[in-house]
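Raw contents of upload34.cif, mmCIF, C-alpha atoms and all ligand atoms:
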data_protein
#
loop_
_atom_site.label_atom_id
_atom_site.label_comp_id
_atom_site.auth_asym_id
_atom_site.auth_seq_id
_atom_site.Cartn_x
_atom_site.Cartn_y
_atom_site.Cartn_z
CA MET A 1 -48.27 -45.07 5.58
CA THR A 2 -47.05 -43.42 2.44
CA ASN A 3 -43.93 -41.27 2.22
CA VAL A 4 -46.00 -38.19 1.63
CA ILE A 5 -47.61 -38.48 5.08
CA GLN A 6 -44.19 -38.88 6.70
CA THR A 7 -42.87 -35.85 4.82
CA LEU A 8 -45.85 -33.77 5.91
CA LYS A 9 -45.53 -35.02 9.49
CA ASP A 10 -41.99 -33.67 9.49
CA GLN A 11 -43.32 -30.29 8.38
CA ALA A 12 -46.50 -30.31 10.48
CA SER A 13 -45.32 -28.20 13.42
CA GLU A 14 -45.37 -25.03 11.29
CA PHE A 15 -48.99 -25.66 10.32
CA VAL A 16 -50.04 -26.71 13.82
CA GLY A 17 -48.69 -23.28 14.83
CA ILE A 18 -50.72 -21.59 12.08
CA ARG A 19 -53.84 -23.56 13.07
CA ARG A 20 -53.51 -22.53 16.70
CA ASP A 21 -52.83 -18.93 15.72
CA ILE A 22 -56.05 -18.87 13.65
CA HIS A 23 -57.87 -20.60 16.51
CA ARG A 24 -56.70 -17.92 18.93
CA HIS A 25 -58.02 -15.18 16.61
CA PRO A 26 -61.39 -16.42 15.32
CA GLU A 27 -63.50 -14.27 13.01
CA ILE A 28 -67.14 -14.83 12.10
CA GLY A 29 -68.52 -15.00 8.54
CA PHE A 30 -67.46 -12.22 6.14
CA GLN A 31 -65.25 -10.73 8.92
CA GLU A 32 -62.25 -13.00 8.23
CA PHE A 33 -59.86 -10.05 7.71
CA ARG A 34 -56.91 -11.25 9.75
CA THR A 35 -57.35 -14.86 8.62
CA SER A 36 -57.54 -13.97 4.93
CA ASP A 37 -54.47 -11.68 5.30
CA LEU A 38 -52.56 -14.63 6.75
CA VAL A 39 -53.74 -16.96 3.98
CA ALA A 40 -53.00 -14.48 1.18
CA GLN A 41 -49.54 -13.57 2.50
CA SER A 42 -48.55 -17.21 2.93
CA LEU A 43 -49.74 -18.17 -0.56
CA SER A 44 -47.93 -15.31 -2.27
CA GLU A 45 -44.74 -16.06 -0.30
CA TRP A 46 -44.84 -19.59 -1.73
CA GLY A 47 -45.30 -18.34 -5.30
CA TYR A 48 -49.06 -18.52 -5.81
CA ALA A 49 -50.84 -15.84 -7.83
CA VAL A 50 -53.27 -14.47 -5.24
CA THR A 51 -56.69 -12.95 -5.94
CA ARG A 52 -58.63 -11.37 -3.11
CA GLY A 53 -62.08 -9.89 -2.67
CA LEU A 54 -64.27 -12.66 -4.09
CA GLY A 55 -67.14 -12.96 -1.62
CA GLY A 56 -65.59 -10.12 0.39
CA THR A 57 -62.86 -11.86 2.36
CA GLY A 58 -62.40 -14.85 0.02
CA VAL A 59 -58.93 -15.71 -1.28
CA VAL A 60 -57.91 -17.73 -4.34
CA GLY A 61 -54.32 -18.87 -4.81
CA GLN A 62 -53.41 -20.18 -8.24
CA LEU A 63 -50.32 -22.15 -9.19
CA LYS A 64 -49.66 -23.32 -12.76
CA ARG A 65 -47.06 -25.84 -13.69
CA GLY A 66 -46.10 -27.39 -17.02
CA SER A 67 -48.31 -27.34 -20.08
CA GLY A 68 -51.13 -29.49 -18.67
CA THR A 69 -54.65 -28.25 -19.38
CA LYS A 70 -56.43 -29.80 -16.39
CA ARG A 71 -57.68 -27.48 -13.67
CA LEU A 72 -58.26 -28.53 -10.08
CA GLY A 73 -60.08 -26.64 -7.29
CA LEU A 74 -59.50 -27.34 -3.59
CA ARG A 75 -61.61 -25.47 -1.09
CA ALA A 76 -61.38 -24.69 2.63
CA ASP A 77 -63.63 -22.55 4.82
CA MET A 78 -62.22 -19.91 7.20
CA ASP A 79 -65.02 -18.65 9.46
CA ALA A 80 -65.70 -19.14 13.17
CA LEU A 81 -68.93 -19.19 15.22
CA PRO A 82 -70.55 -16.87 17.77
CA ILE A 83 -69.87 -19.23 20.70
CA GLN A 84 -67.98 -18.56 23.95
CA GLU A 85 -65.10 -21.06 24.08
CA ALA A 86 -64.88 -23.28 27.18
CA THR A 87 -61.91 -25.54 26.33
CA GLY A 88 -59.44 -23.74 28.60
CA LEU A 89 -56.67 -24.66 26.14
CA PRO A 90 -53.54 -22.50 25.82
CA HIS A 91 -54.56 -21.60 22.25
CA ALA A 92 -58.20 -20.84 23.19
CA SER A 93 -59.93 -17.90 21.52
CA CYS A 94 -58.87 -14.47 22.71
CA HIS A 95 -62.11 -12.94 21.37
CA ALA A 96 -65.05 -13.12 23.78
CA GLY A 97 -68.08 -14.87 22.30
CA VAL A 98 -66.34 -16.10 19.13
CA MET A 99 -64.60 -19.42 18.60
CA HIS A 100 -63.54 -21.93 15.95
CA ALA A 101 -66.06 -24.55 17.06
CA CYS A 102 -66.37 -26.25 13.65
CA GLY A 103 -62.70 -26.79 12.84
CA HIS A 104 -62.47 -24.37 9.93
CA ASP A 105 -59.13 -23.26 11.44
CA GLY A 106 -57.94 -26.83 10.81
CA HIS A 107 -59.40 -26.98 7.30
CA THR A 108 -57.52 -23.77 6.43
CA ALA A 109 -54.28 -25.06 7.97
CA MET A 110 -54.48 -28.41 6.10
CA LEU A 111 -54.97 -26.65 2.78
CA LEU A 112 -52.10 -24.27 3.53
CA GLY A 113 -49.84 -27.18 4.55
CA SER A 114 -50.36 -28.85 1.21
CA ALA A 115 -50.06 -25.51 -0.62
CA LYS A 116 -46.54 -24.95 0.64
CA HIS A 117 -45.43 -28.53 -0.01
CA LEU A 118 -46.81 -28.53 -3.57
CA ALA A 119 -45.26 -25.14 -4.36
CA GLN A 120 -41.83 -26.27 -3.21
CA LYS A 121 -41.75 -29.97 -4.08
CA GLY A 122 -44.96 -30.76 -5.92
CA ASP A 123 -44.90 -32.95 -8.98
CA PHE A 124 -47.90 -31.89 -11.03
CA ASN A 125 -48.79 -30.58 -14.46
CA GLY A 126 -51.74 -28.21 -14.80
CA THR A 127 -53.55 -25.50 -12.87
CA LEU A 128 -54.14 -25.69 -9.14
CA ASN A 129 -56.74 -23.34 -7.65
CA ARG A 130 -56.89 -23.06 -3.88
CA ILE A 131 -60.16 -21.57 -2.76
CA PHE A 132 -60.39 -20.15 0.78
CA GLN A 133 -63.98 -19.16 1.31
CA PRO A 134 -65.61 -16.96 3.93
CA ALA A 135 -68.83 -17.46 5.84
CA GLU A 136 -69.71 -21.15 5.51
CA GLU A 137 -71.80 -21.08 8.71
CA GLY A 138 -75.27 -20.33 7.36
CA LEU A 139 -74.29 -17.23 5.40
CA GLY A 140 -73.47 -18.86 2.07
CA GLY A 141 -69.95 -17.55 1.47
CA ALA A 142 -69.50 -20.14 -1.29
CA LYS A 143 -72.43 -18.65 -3.18
CA LYS A 144 -71.08 -15.12 -2.74
CA MET A 145 -67.72 -16.16 -4.21
CA MET A 146 -69.53 -17.72 -7.17
CA GLU A 147 -71.64 -14.59 -7.69
CA ASP A 148 -68.37 -12.66 -7.80
CA GLY A 149 -67.20 -14.86 -10.68
CA LEU A 150 -65.20 -17.60 -8.95
CA PHE A 151 -65.57 -20.24 -11.65
CA GLU A 152 -65.48 -17.76 -14.55
CA GLN A 153 -62.12 -16.40 -13.34
CA PHE A 154 -60.87 -19.77 -12.13
CA PRO A 155 -62.51 -22.55 -14.16
CA CYS A 156 -62.15 -25.98 -12.54
CA ASP A 157 -62.66 -29.45 -14.02
CA ALA A 158 -63.30 -30.80 -10.52
CA ILE A 159 -63.46 -29.47 -6.98
CA PHE A 160 -62.87 -31.13 -3.63
CA ALA A 161 -63.31 -30.18 0.03
CA MET A 162 -62.95 -31.78 3.44
CA HIS A 163 -64.65 -31.46 6.85
CA ASN A 164 -63.59 -32.96 10.14
CA MET A 165 -65.94 -35.42 11.85
CA PRO A 166 -65.82 -35.76 15.65
CA GLY A 167 -66.49 -39.21 17.09
CA GLN A 168 -64.65 -41.00 14.26
CA PRO A 169 -61.09 -42.28 14.80
CA GLN A 170 -58.48 -39.61 14.11
CA GLY A 171 -57.34 -39.59 10.51
CA ARG A 172 -60.01 -41.98 9.17
CA LEU A 173 -61.34 -40.79 5.80
CA LEU A 174 -65.07 -41.15 5.08
CA LEU A 175 -66.60 -40.71 1.63
CA ARG A 176 -69.90 -41.03 -0.18
CA ASP A 177 -71.12 -40.59 -3.73
CA GLY A 178 -74.61 -39.26 -4.40
CA PRO A 179 -76.60 -37.03 -2.02
CA THR A 180 -74.39 -36.62 1.05
CA MET A 181 -75.68 -33.64 3.00
CA ALA A 182 -79.19 -32.24 3.22
CA SER A 183 -80.67 -29.13 1.72
CA SER A 184 -81.57 -26.57 4.34
CA GLU A 185 -84.34 -24.04 3.95
CA ASN A 186 -85.24 -21.30 6.42
CA ILE A 187 -88.92 -20.44 6.26
CA THR A 188 -90.80 -17.81 8.27
CA ILE A 189 -94.58 -17.93 8.59
CA THR A 190 -96.31 -14.76 9.80
CA LEU A 191 -99.92 -15.15 10.91
CA THR A 192 -102.00 -12.01 11.35
CA GLY A 193 -105.34 -12.31 13.11
CA VAL A 194 -107.49 -9.97 15.13
CA GLY A 195 -106.24 -9.39 18.65
CA GLY A 196 -108.42 -8.68 21.63
CA HIS A 197 -109.49 -9.60 25.16
CA GLY A 198 -108.72 -13.15 26.23
CA ALA A 199 -112.20 -13.37 27.76
CA MET A 200 -113.92 -12.64 24.45
CA PRO A 201 -112.34 -14.89 21.82
CA HIS A 202 -115.43 -14.73 19.62
CA TYR A 203 -114.54 -11.11 18.74
CA CYS A 204 -111.02 -12.16 17.69
CA ALA A 205 -109.22 -14.25 15.09
CA ASP A 206 -106.63 -16.05 17.19
CA PRO A 207 -103.24 -16.58 15.46
CA VAL A 208 -102.01 -18.79 18.37
CA VAL A 209 -104.71 -21.39 17.75
CA ALA A 210 -104.16 -21.19 13.99
CA GLY A 211 -100.39 -21.48 14.50
CA SER A 212 -100.81 -24.50 16.78
CA ALA A 213 -102.87 -26.27 14.13
CA ILE A 214 -100.23 -25.41 11.53
CA VAL A 215 -97.42 -26.84 13.69
CA MET A 216 -99.25 -30.15 13.91
CA GLY A 217 -100.37 -30.06 10.29
CA LEU A 218 -96.83 -29.53 9.01
CA GLN A 219 -95.77 -32.92 10.38
CA SER A 220 -98.39 -34.59 8.19
CA ILE A 221 -96.43 -33.35 5.13
CA VAL A 222 -93.47 -35.53 6.17
CA ALA A 223 -95.75 -38.44 7.09
CA ARG A 224 -98.18 -38.29 4.15
CA ASN A 225 -96.61 -36.40 1.21
CA VAL A 226 -92.91 -37.28 1.25
CA PRO A 227 -92.38 -40.76 -0.26
CA PRO A 228 -91.67 -43.14 2.66
CA LEU A 229 -88.21 -44.10 1.39
CA GLN A 230 -87.15 -40.45 1.07
CA THR A 231 -85.99 -38.06 3.77
CA GLY A 232 -87.87 -34.94 4.86
CA ILE A 233 -87.54 -32.91 8.06
CA ILE A 234 -89.72 -30.00 9.14
CA THR A 235 -88.65 -28.51 12.45
CA VAL A 236 -90.54 -25.57 13.94
CA GLY A 237 -87.70 -24.06 15.93
CA ALA A 238 -89.53 -20.94 17.06
CA PHE A 239 -93.17 -20.04 17.75
CA GLN A 240 -93.42 -16.45 18.89
CA ALA A 241 -96.71 -14.90 19.96
CA GLY A 242 -98.19 -12.79 22.72
CA ASP A 243 -96.98 -11.93 26.20
CA ALA A 244 -99.99 -11.74 28.53
CA ASN A 245 -102.46 -14.29 29.93
CA ASN A 246 -105.53 -12.34 29.03
CA VAL A 247 -104.64 -10.97 25.60
CA ILE A 248 -105.19 -12.69 22.28
CA PRO A 249 -102.29 -11.37 20.23
CA GLN A 250 -102.58 -9.87 16.79
CA THR A 251 -99.74 -11.90 15.27
CA ALA A 252 -97.83 -15.15 15.61
CA ILE A 253 -94.55 -16.01 13.92
CA LEU A 254 -93.26 -19.52 13.19
CA LYS A 255 -89.65 -20.15 12.14
CA LEU A 256 -88.94 -23.39 10.34
CA SER A 257 -85.89 -25.39 9.35
CA VAL A 258 -86.75 -27.67 6.43
CA ARG A 259 -84.40 -30.37 5.14
CA SER A 260 -84.24 -33.06 2.50
CA LEU A 261 -81.77 -35.19 0.57
CA ASP A 262 -83.36 -34.84 -2.84
CA ARG A 263 -83.97 -31.82 -5.06
CA ASP A 264 -87.53 -32.90 -5.91
CA VAL A 265 -88.40 -33.53 -2.25
CA ARG A 266 -87.07 -30.06 -1.44
CA GLN A 267 -89.50 -28.54 -3.96
CA LEU A 268 -92.34 -30.73 -2.73
CA LEU A 269 -91.79 -29.66 0.89
CA ASN A 270 -91.78 -25.96 -0.02
CA ARG A 271 -94.90 -26.29 -2.13
CA ARG A 272 -96.86 -28.30 0.45
CA ILE A 273 -95.86 -25.96 3.31
CA CYS A 274 -97.28 -23.00 1.34
CA GLU A 275 -100.50 -24.87 0.47
CA LEU A 276 -101.07 -26.20 3.99
CA VAL A 277 -100.38 -22.87 5.71
CA GLU A 278 -102.68 -21.00 3.36
CA ALA A 279 -105.54 -23.48 3.83
CA HIS A 280 -105.16 -23.68 7.61
CA ALA A 281 -104.96 -19.90 7.97
CA LYS A 282 -108.12 -19.50 5.92
CA SER A 283 -110.00 -22.03 8.03
CA TYR A 284 -109.09 -20.09 11.20
CA GLY A 285 -109.83 -16.70 9.67
CA VAL A 286 -106.29 -15.32 9.87
CA GLN A 287 -103.94 -14.00 7.19
CA ALA A 288 -100.75 -15.92 6.45
CA GLN A 289 -97.53 -14.91 4.80
CA VAL A 290 -94.91 -17.55 4.00
CA ASP A 291 -91.37 -16.28 3.37
CA ILE A 292 -88.99 -18.88 1.96
CA LEU A 293 -85.70 -17.28 2.90
CA GLY A 294 -83.51 -19.63 0.93
CA GLY A 295 -80.78 -21.85 2.22
CA PHE A 296 -78.40 -24.48 0.99
CA PRO A 297 -79.09 -27.04 -1.76
CA VAL A 298 -78.57 -30.79 -1.35
CA LEU A 299 -74.85 -31.59 -1.45
CA VAL A 300 -74.37 -34.18 -4.19
CA ASN A 301 -70.97 -35.82 -4.66
CA THR A 302 -70.47 -36.97 -8.24
CA LYS A 303 -69.55 -40.64 -8.75
CA PRO A 304 -66.39 -40.43 -10.92
CA GLU A 305 -64.77 -37.76 -8.73
CA THR A 306 -65.71 -39.64 -5.54
CA ASP A 307 -64.27 -42.87 -6.98
CA PHE A 308 -61.08 -40.95 -7.69
CA ALA A 309 -61.01 -39.49 -4.15
CA ARG A 310 -61.54 -43.00 -2.69
CA GLN A 311 -58.53 -44.32 -4.61
CA VAL A 312 -56.42 -41.46 -3.31
CA ALA A 313 -57.64 -42.03 0.27
CA CYS A 314 -57.02 -45.80 0.13
CA HIS A 315 -53.57 -45.34 -1.32
CA LEU A 316 -52.72 -42.76 1.31
CA ILE A 317 -53.83 -44.52 4.52
CA GLY A 318 -54.86 -48.05 3.50
CA ASP A 319 -58.31 -49.50 2.81
CA GLU A 320 -58.84 -50.42 6.47
CA HIS A 321 -58.86 -46.74 7.47
CA VAL A 322 -61.26 -45.60 4.74
CA VAL A 323 -65.05 -45.77 4.93
CA PRO A 324 -66.00 -45.86 1.24
CA GLN A 325 -69.72 -45.10 1.46
CA ILE A 326 -71.11 -43.49 4.61
CA GLU A 327 -74.78 -42.80 5.33
CA PRO A 328 -75.92 -39.33 4.25
CA LEU A 329 -76.09 -36.60 6.88
CA THR A 330 -79.02 -34.31 7.64
CA GLY A 331 -76.74 -31.35 8.32
CA SER A 332 -76.04 -28.98 5.45
CA GLU A 333 -73.00 -27.37 3.89
CA ASP A 334 -72.61 -24.52 1.43
CA PHE A 335 -70.00 -26.37 -0.68
CA ALA A 336 -73.23 -27.78 -2.17
CA PHE A 337 -73.50 -24.56 -4.24
CA MET A 338 -70.09 -25.22 -5.81
CA LEU A 339 -71.00 -28.84 -6.51
CA GLU A 340 -74.08 -27.64 -8.42
CA GLN A 341 -71.71 -26.04 -10.94
CA VAL A 342 -68.62 -28.23 -10.93
CA PRO A 343 -68.31 -32.00 -10.38
CA GLY A 344 -66.44 -33.03 -7.27
CA SER A 345 -66.48 -34.65 -3.88
CA TYR A 346 -66.69 -33.59 -0.23
CA LEU A 347 -65.25 -36.01 2.28
CA PHE A 348 -64.81 -36.24 6.04
CA ILE A 349 -61.76 -36.82 8.23
CA GLY A 350 -62.20 -38.40 11.68
CA ASN A 351 -61.41 -35.87 14.43
CA GLY A 352 -60.92 -38.53 17.13
CA ASP A 353 -63.17 -40.81 19.17
CA LYS A 354 -63.78 -41.16 22.90
CA ALA A 355 -61.01 -43.75 23.23
CA SER A 356 -58.39 -41.29 22.02
CA GLY A 357 -59.32 -38.73 24.71
CA GLY A 358 -58.80 -35.01 24.28
CA HIS A 359 -61.33 -32.81 22.55
CA GLY A 360 -61.54 -34.81 19.30
CA ALA A 361 -64.82 -36.57 20.07
CA CYS A 362 -66.60 -33.39 21.16
CA MET A 363 -69.28 -32.49 18.62
CA VAL A 364 -68.80 -29.44 16.41
CA HIS A 365 -70.57 -26.21 17.48
CA ASN A 366 -69.96 -27.18 21.14
CA PRO A 367 -67.94 -24.79 23.40
CA ASN A 368 -65.53 -27.65 24.24
CA TYR A 369 -64.74 -28.58 20.63
CA ASP A 370 -61.21 -28.36 19.23
CA PHE A 371 -59.75 -29.44 15.89
CA ASN A 372 -57.36 -32.40 16.20
CA ASP A 373 -53.87 -31.23 15.19
CA ASP A 374 -52.78 -34.79 14.39
CA ASN A 375 -54.96 -34.44 11.28
CA ILE A 376 -52.87 -31.65 9.79
CA ALA A 377 -50.27 -34.04 8.35
CA VAL A 378 -52.75 -36.61 7.00
CA GLY A 379 -55.16 -33.96 5.68
CA SER A 380 -52.36 -32.05 3.95
CA ALA A 381 -50.98 -35.31 2.56
CA TYR A 382 -54.40 -36.16 1.11
CA TRP A 383 -54.45 -32.82 -0.72
CA VAL A 384 -50.92 -33.33 -2.00
CA LEU A 385 -51.58 -36.83 -3.33
CA LEU A 386 -54.95 -35.87 -4.80
CA THR A 387 -53.37 -32.92 -6.62
CA GLU A 388 -50.45 -34.93 -7.99
CA ARG A 389 -52.76 -37.66 -9.22
CA PHE A 390 -55.37 -35.33 -10.70
CA LEU A 391 -52.90 -33.02 -12.42
CA THR A 392 -50.80 -35.64 -14.14
CA ASP A 393 -49.09 -35.52 -17.54
CA VAL A 394 -51.54 -37.89 -19.20
ZN ZN B 401 -70.29 -25.65 11.43
ZN ZN B 402 -68.01 -26.63 9.51
#

For the structure just supplied, provide its representation as structure tokens.
Ligand SMILES: [Zn+2]
Ligand SMILES: [Zn+2]
Amino acid sequence: MTNVIQTLKDQASEFVGIRRDIHRHPEIGFQEFRTSDLVAQSLSEWGYAVTRGLGGTGVVGQLKRGSGTKRLGLRADMDALPIQEATGLPHASCHAGVMHACGHDGHTAMLLGSAKHLAQKGDFNGTLNRIFQPAEEGLGGAKKMMEDGLFEQFPCDAIFAMHNMPGQPQGRLLLRDGPTMASSENITITLTGVGGHGAMPHYCADPVVAGSAIVMGLQSIVARNVPPLQTGIITVGAFQAGDANNVIPQTAILKLSVRSLDRDVRQLLNRRICELVEAHAKSYGVQAQVDILGGFPVLVNTKPETDFARQVACHLIGDEHVVPQIEPLTGSEDFAFMLEQVPGSYLFIGNGDKASGGHGACMVHNPNYDFNDDNIAVGSAYWVLLTERFLTDV
């Protein structure tokens, strides 16, 4: 264990308190008013120049030291989820139907812990940008901050972020270079036929039959169009049509989640879905409209920045506690937008496994999930060491 972890362990109780306070008062995407007030006030108390309003509730804290020209960006997410908490913990959510079930309270606290330490004792030379973003959960808060000029106002040579990972031993750091998290596309297909009496289908154009053929046909895109060594997922999560036994409905709606780990495969999937739906609809005599509602791009960690992050992780906790190259994940993450513009790396920190008990192994987005407070010291220490090594004199 390095000294920096011990130092941050000694200071951790303050940030465990902040984490639990944020946990008790969760706010969903773009509503992080109390959380962003807390973040902004803390940063300005410690001497950061604070900018608010990017992406609505986003906060950027900037600290410059020395004459160094390098610029580093560290990002945490602040939003909670519309889930009723069931942990029964003393710091459980006091807002009905909203909880921090993805650990963004912990991500915010870890970044704040390192912010205070670096402001008071940090040994670095350059510009440190701390990016606290709203609305990571499906709403694309990262993109909103960028549209509001995040990287024009705060240029960064590299950016880094961290997410907890339940089921992995507490404090283990897991990295990967290359495609690490999937793109995620929401697509809605609206089929319009001719409704009528269920006893007289020959007078109708049935969107339920057309939709059923489309559901099956879509799977052939993954099986027959996506190269076998690539990843493609098409999930039809909703099929909504009709409400009576004897009525052929006028419309059917399919809602899809489409994922891939490659930018070309993402384009291929979108193109083939449009072609297949159009052809199927025509063959069943119904009209089809395909709305690609957008989503998150593939999250690609760049190699030099990930190599750098690995060195920091190994130095901090020892090689035996670092997984240098994990398998990619089919979940998605809006930090991918930032990584499209700036090189960087997104890593994971183990939230605890079954052996360690507690809530650490409980999967994110589950009502029994809780962020593991033992990670606040190690996560903050990682940010401190990464900053001091990135923003050096040379
Ligand atoms: Zn989440
Ligand atoms: Zn999350």

Sorted by chain and rising residue number, list the residues of chain A at most 8 Å from ligand ZN 401 (chain B) (counting only C-alpha atoms and all ligand atoms), each with its closest atom pair and distance in Å to one decimal, as a tab-separated table.
residue	atom	partner	partner_atom	distance
A:Leu81	CA	B:ZN401	ZN	7.6
A:Ala101	CA	B:ZN401	ZN	7.1
A:Cys102	CA	B:ZN401	ZN	4.5
A:Gly103	CA	B:ZN401	ZN	7.8
A:Glu136	CA	B:ZN401	ZN	7.5
A:Glu137	CA	B:ZN401	ZN	5.5
A:Val364	CA	B:ZN401	ZN	6.4
A:His365	CA	B:ZN401	ZN	6.1

Which of these, A:Ala76, A:Met338, A:Leu218, A:Leu54, has the shortest distance to ligand ZN 402 (chain B) once you count all atoms listed in the file?
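When distances to ligand ZN 402 (chain B) are compared using all atoms listed in the file, the smallest one comes from A:Ala76.
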
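Each of A:Val322, A:Ala49, A:Met162, A:Met110 was checked against ligand ZN 402 (chain B) using only C-alpha atoms and all ligand atoms; the smallest atom-to-atom distance is that of A:Met162.
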
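Between atom CA of A:Val39 and atom CA of A:Met145 the separation is 16.2 Å.
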
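Among the candidate residues A:Asp334, A:Asp307, A:Asp21, A:Asp262, the one lying nearest to ligand ZN 402 (chain B) is A:Asp334, with distances computed using all atoms listed in the file.
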
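Shortest separation to A:Arg176 among A:Arg310, A:Arg224, A:Lys282, A:His104 occurs at residue A:Arg310, atoms counted being all atoms listed in the file.
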
Counting only C-alpha atoms, what is within 6 Å of stretch 372-379 of chain A, bar same-chain residues fewer than 6 positions away, as a ChimeraX atom specification?
/A:5,8-9,12,110,171,351,360

Can those selected residues be exported to a file as a compact mmCIF listing (two decimals), in the frame of the given file so that it contains C-alpha atoms?
# COMPACT_ATOMS: atom_id res chain seq x y z
CA ILE A 5 -47.61 -38.48 5.08
CA LEU A 8 -45.85 -33.77 5.91
CA LYS A 9 -45.53 -35.02 9.49
CA ALA A 12 -46.50 -30.31 10.48
CA MET A 110 -54.48 -28.41 6.10
CA GLY A 171 -57.34 -39.59 10.51
CA ASN A 351 -61.41 -35.87 14.43
CA GLY A 360 -61.54 -34.81 19.30

In Å, rounded to a single decimal, give me how far atom CA of A:Gly178 is from atom CA of A:Glu327.
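That distance, rounded to one decimal, is 10.4 Å.
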
Would you kindly return, as a ChimeraX atom specification, each protein, DNA or RNA residue with an atom no farther than 7 Å from any atom of stretch 383-385 of chain A, considering all atoms listed in the file and excluding same-chain residues fewer than 3 positions away?
/A:114,118,312,379-380,388-389

Option closest in space to ligand ZN 402 (chain B), from A:Ala205, A:Leu268, A:Leu89, A:Met165 [counting all atoms listed in the file]
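With all atoms listed in the file as the atom set, the closest residue is A:Met165.
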
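With distances taken over all atoms listed in the file, A:Ala119 is the one residue among A:Val222, A:Leu175, A:Ala119, A:Leu43 lying closest to A:Thr387.
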
Taking (-53.6, -18.6, -9.6) in the file's own coordinates, collect the residues within 12 Å, counting all atoms listed in the file, and hand them back as a PyMOL selection string.
chain A and resi 40+43-44+46-52+59-65+71-73+115+119+126-131+150+153-156

In Å, with one decimal, what is the gap from atom CA of A:Thr7 to atom CA of A:Ala109?
16.0 Å

Hey, what's within 7 Å of A:Asp77 if we count only C-alpha atoms and toss same-chain stuff fewer than 6 positions away? As a PyMOL selection string, please?
chain A and resi 104+107-108+132-134+136

I want to know what sits within 10 Å of stretch 189-197 of chain A, based on only C-alpha atoms, with residues of the same chain fewer than 4 positions away left out; could you give that as number ranges by chain?
A: 201-208, 210-211, 214, 239-242, 245-256, 273-274, 277-278, 281, 284-292

Close residues, A:Ile233 itself excluded, 7 Å, only C-alpha atoms, min 4 positions apart in chain, as JSON, numbers by chain:
{"A": [222, 258, 259, 260]}
